[in-house]
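File shown: start_1.txt. Contents: compact mmCIF, C-alpha atoms.
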# COMPACT_ATOMS: atom_id res chain seq x y z
CA MET Z 1 108.73 119.17 86.51
CA ILE Z 2 108.58 117.95 90.09
CA THR Z 3 111.06 115.55 91.67
CA VAL Z 4 110.51 113.54 94.82
CA LEU Z 5 113.90 113.01 96.44
CA ASP Z 6 114.35 110.17 98.89
CA ALA Z 7 116.84 110.03 101.73
CA SER Z 8 119.15 107.48 100.09
CA ALA Z 9 119.68 109.64 97.02
CA ALA Z 10 119.99 112.87 99.01
CA VAL Z 11 122.67 111.54 101.35
CA ALA Z 12 124.64 110.07 98.47
CA ILE Z 13 124.46 113.38 96.57
CA ALA Z 14 125.48 115.33 99.67
CA MET Z 15 128.44 112.99 100.21
CA ASN Z 16 129.53 113.48 96.57
CA LEU Z 17 129.39 109.76 95.85
CA THR Z 18 129.81 108.73 92.21
CA GLU Z 19 126.58 106.81 91.61
CA PRO Z 20 124.09 109.58 92.44
CA THR Z 21 125.62 112.08 90.01
CA ARG Z 22 122.91 110.94 87.60
CA PHE Z 23 120.37 112.64 89.89
CA GLN Z 24 122.05 116.05 89.87
CA PRO Z 25 120.74 117.11 86.42
CA GLN Z 26 117.24 115.95 87.41
CA ILE Z 27 117.32 118.11 90.52
CA GLU Z 28 118.72 121.10 88.64
CA ILE Z 29 115.99 121.05 85.98
CA SER Z 30 113.17 120.44 88.44
CA ASP Z 31 110.79 123.26 89.14
CA LEU Z 32 110.31 121.81 92.60
CA VAL Z 33 112.03 119.13 94.73
CA ILE Z 34 109.77 117.68 97.40
CA ALA Z 35 109.92 115.02 100.10
CA PRO Z 36 107.78 113.86 103.00
CA ASP Z 37 108.74 115.45 106.31
CA LEU Z 38 110.01 112.03 107.41
CA PHE Z 39 112.96 112.76 105.09
CA VAL Z 40 114.60 114.97 107.74
CA ALA Z 41 114.69 112.15 110.30
CA GLU Z 42 115.83 109.57 107.72
CA VAL Z 43 118.66 111.75 106.42
CA SER Z 44 119.73 112.72 109.94
CA ASN Z 45 119.83 109.08 110.99
CA ALA Z 46 121.79 108.02 107.90
CA VAL Z 47 124.39 110.73 108.45
CA TRP Z 48 124.61 109.82 112.14
CA LYS Z 49 125.38 106.21 111.12
CA TYR Z 50 128.26 107.43 108.92
CA VAL Z 51 129.63 109.48 111.83
CA LYS Z 52 129.19 106.58 114.26
CA ALA Z 53 131.00 104.23 111.85
CA GLY Z 54 133.88 106.70 111.49
CA VAL Z 55 133.30 107.21 107.76
CA VAL Z 56 133.04 110.97 108.38
CA ASP Z 57 133.66 113.09 111.46
CA SER Z 58 130.94 115.14 113.14
CA VAL Z 59 131.90 118.38 111.35
CA GLN Z 60 131.71 116.63 107.97
CA GLY Z 61 128.44 115.06 109.11
CA ASP Z 62 126.98 118.49 109.83
CA LEU Z 63 127.92 119.68 106.34
CA ILE Z 64 126.51 116.55 104.69
CA LEU Z 65 123.31 116.88 106.69
CA ASP Z 66 122.86 120.53 105.69
CA ARG Z 67 123.58 119.74 102.02
CA ALA Z 68 121.12 116.85 101.94
CA ILE Z 69 118.32 118.75 103.67
CA GLY Z 70 119.00 121.77 101.46
CA LEU Z 71 118.29 119.77 98.29
CA VAL Z 72 114.57 119.78 99.09
CA ASP Z 73 112.42 122.83 98.39
CA THR Z 74 109.27 121.70 100.18
CA PHE Z 75 108.53 119.11 102.84
CA GLU Z 76 105.05 117.60 102.76
CA LYS Z 77 103.36 116.47 105.96
CA SER Z 78 103.32 112.72 106.54
CA LEU Z 79 100.01 113.33 108.26
CA ASP Z 80 98.53 114.12 104.84
CA LEU Z 81 100.06 111.03 103.23
CA TYR Z 82 99.94 108.24 105.79
CA ARG Z 83 96.55 106.68 105.00
CA GLU Z 84 97.32 106.21 101.33
CA ALA Z 85 100.88 105.13 102.16
CA TYR Z 86 99.62 102.58 104.66
CA ALA Z 87 97.17 101.11 102.12
CA LEU Z 88 99.92 100.91 99.50
CA SER Z 89 102.20 99.23 102.04
CA VAL Z 90 99.61 96.62 102.94
CA ASP Z 91 98.82 95.92 99.27
CA HIS Z 92 102.48 95.60 98.23
CA LEU Z 93 104.12 94.38 101.46
CA HIS Z 94 106.48 97.34 101.50
CA PRO Z 95 107.44 99.64 104.43
CA VAL Z 96 105.21 102.64 105.05
CA TYR Z 97 108.11 105.09 105.22
CA ASP Z 98 109.04 104.20 101.62
CA ALA Z 99 105.41 104.32 100.54
CA LEU Z 100 105.25 107.96 101.66
CA TYR Z 101 107.67 108.81 98.82
CA LEU Z 102 105.63 106.79 96.34
CA VAL Z 103 102.37 108.46 97.33
CA LEU Z 104 103.98 111.87 97.07
CA ALA Z 105 105.34 111.07 93.60
CA ARG Z 106 102.02 109.65 92.42
CA ARG Z 107 99.98 112.59 93.74
CA ASN Z 108 102.27 115.12 92.07
CA ASN Z 109 102.96 113.18 88.87
CA ALA Z 110 106.59 113.56 89.89
CA VAL Z 111 109.81 111.76 89.10
CA LEU Z 112 111.25 109.72 91.99
CA ALA Z 113 114.98 109.91 92.72
CA THR Z 114 116.12 106.97 94.84
CA LEU Z 115 119.01 104.55 95.18
CA ASP Z 116 116.81 102.01 96.94
CA ARG Z 117 116.38 99.02 94.59
CA ARG Z 118 113.19 97.69 96.20
CA LEU Z 119 111.64 101.15 96.16
CA SER Z 120 112.63 101.59 92.50
CA ASP Z 121 111.12 98.24 91.61
CA LEU Z 122 107.83 99.07 93.29
CA ALA Z 123 107.78 102.54 91.72
CA SER Z 124 108.17 100.94 88.28
CA LYS Z 125 105.39 98.49 89.05
CA LEU Z 126 103.15 101.44 90.00
CA HIS Z 127 104.16 103.33 86.82
CA ILE Z 128 105.94 106.06 88.75
CA ARG Z 129 108.74 107.63 86.73
CA LEU Z 130 112.27 107.23 88.03
CA ALA Z 131 115.15 109.67 87.73
Once more with this new file: its structure as structure tokens, please.
Amino acid sequence: MITVLDASAAVAIAMNLTEPTRFQPQIEISDLVIAPDLFVAEVSNAVWKYVKAGVVDSVQGDLILDRAIGLVDTFEKSLDLYREAYALSVDHLHPVYDALYLVLARRNNAVLATLDRRLSDLASKLHIRLA
């Protein structure tokens, strides 16, 4: 089984938040956890926001960042996904960066792990399985 992990779920898992604990078994049983290479920038930015807001200090931020990035086995190139993601975005009026995760899940018949409600709703509409 393949899981596509998005940045929202990864950061929440890395921060040991309660809600994403439902994703942990999914990740553990997956043969492969994948994400678009954009994931690194999204996770880094999210962690930076927590540091900037004083939720965590920079040392904790470094640990969270490493944990979140370490959850992914393989990063797929956005360059290989962007055309299909752009078309999906135009058709469904949804941001391209989210569509990259959807395209990756659809191409790999993978389960999508996300905390993003709008992304989950669109994934369901597209018949993409959710963790």
*Choose the residue, out of Z:Val90, Z:Leu81, Z:Leu112, Z:Glu76, that has the smallest atom-to-atom separation from Pro36 of chain Z; count only C-alpha atoms.*
Z:Glu76
*asked:* The residues within 10 Å of (107.1, 115.5, 95.7), using all atoms listed in the file and the coordinates of the file, should be reported as a list in words; which are they?
replied: Ile2, Thr3, Val4, Leu5, Asp6, Leu32, Val33, Ile34, Ala35, Pro36, Val72, Asp73, Thr74, Phe75, Glu76, Leu100, Tyr101, Leu102, Val103, Leu104, Ala105, Arg106, Arg107, Asn108, Asn109, Ala110, Val111 and Leu112 of chain Z
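Here atom CA of Thr21 of chain Z stands at a distance of 27.8 Å from atom CA of Ser78 of chain Z.
Closest approach to Gly70 of chain Z among Z:Val43, Z:Ile128, Z:Met1, Z:Ala53 is made by Z:Val43 (distances from only C-alpha atoms).
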*Atomic distance atom CA of Arg129 of chain Z - atom CA of Arg83 of chain Z, expressed in Å with one decimal*: 22.0 Å
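Closest to Phe23 of chain Z among Z:Ala87, Z:Ala9, Z:Ile64, Z:Leu93 is Z:Ala9, based on all atoms listed in the file.
Taking atom CA of Val40 of chain Z and atom CA of Leu115 of chain Z as endpoints, the distance between them is 16.9 Å.
Minimum atom-to-atom distances from Z:Ala99, Z:Leu119, Z:Ala113, Z:Val11 to Tyr50 of chain Z were compared using only C-alpha atoms, and the lowest value belongs to Z:Val11.
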_For a quick check of your reading of the model, name the residues lying within 12 Å of the coordinate (112.3, 95.4, 97.4), counting all atoms listed in the file, and write them as a ChimeraX atom specification._
/Z:89,92-95,98-99,115-125
_Closest of Z:Ala14, Z:Ala131, Z:Asp37, Z:Thr114 to Asp62 of chain Z - atom-to-atom distances counting only C-alpha atoms_ = Z:Ala14
*Do you know which residues are at most 9 Å from Tyr97 of chain Z counting all atoms listed in the file, after dropping those on the same chain fewer than 6 positions away, and could you put them as a PyMOL selection string?*
chain Z and resi 38+82+85-86+89
*Identify which of the residues Z:Ile27, Z:Ala7, Z:Leu17, Z:Val56 lies closest to Phe39 of chain Z, counting only C-alpha atoms when measuring atom-to-atom distances.*
Z:Ala7
Tell me which protein, DNA and RNA residues are within 10 Å of Met15 of chain Z, counting only C-alpha atoms, leaving out same-chain ones fewer than 6 positions away, and put them as a PDB file with C-alpha atoms, in the frame of the given file.
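Output file out_3.pdb is given in full below:
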ATOM      1  CA  ALA Z   9     119.680 109.640  97.020  1.00  0.00           C
ATOM      2  CA  VAL Z  47     124.390 110.730 108.450  1.00  0.00           C
ATOM      3  CA  VAL Z  56     133.040 110.970 108.380  1.00  0.00           C
ATOM      4  CA  GLN Z  60     131.710 116.630 107.970  1.00  0.00           C
ATOM      5  CA  GLY Z  61     128.440 115.060 109.110  1.00  0.00           C
ATOM      6  CA  LEU Z  63     127.920 119.680 106.340  1.00  0.00           C
ATOM      7  CA  ILE Z  64     126.510 116.550 104.690  1.00  0.00           C
ATOM      8  CA  LEU Z  65     123.310 116.880 106.690  1.00  0.00           C
ATOM      9  CA  ARG Z  67     123.580 119.740 102.020  1.00  0.00           C
ATOM     10  CA  ALA Z  68     121.120 116.850 101.940  1.00  0.00           C
TER      11      ALA Z  68
END
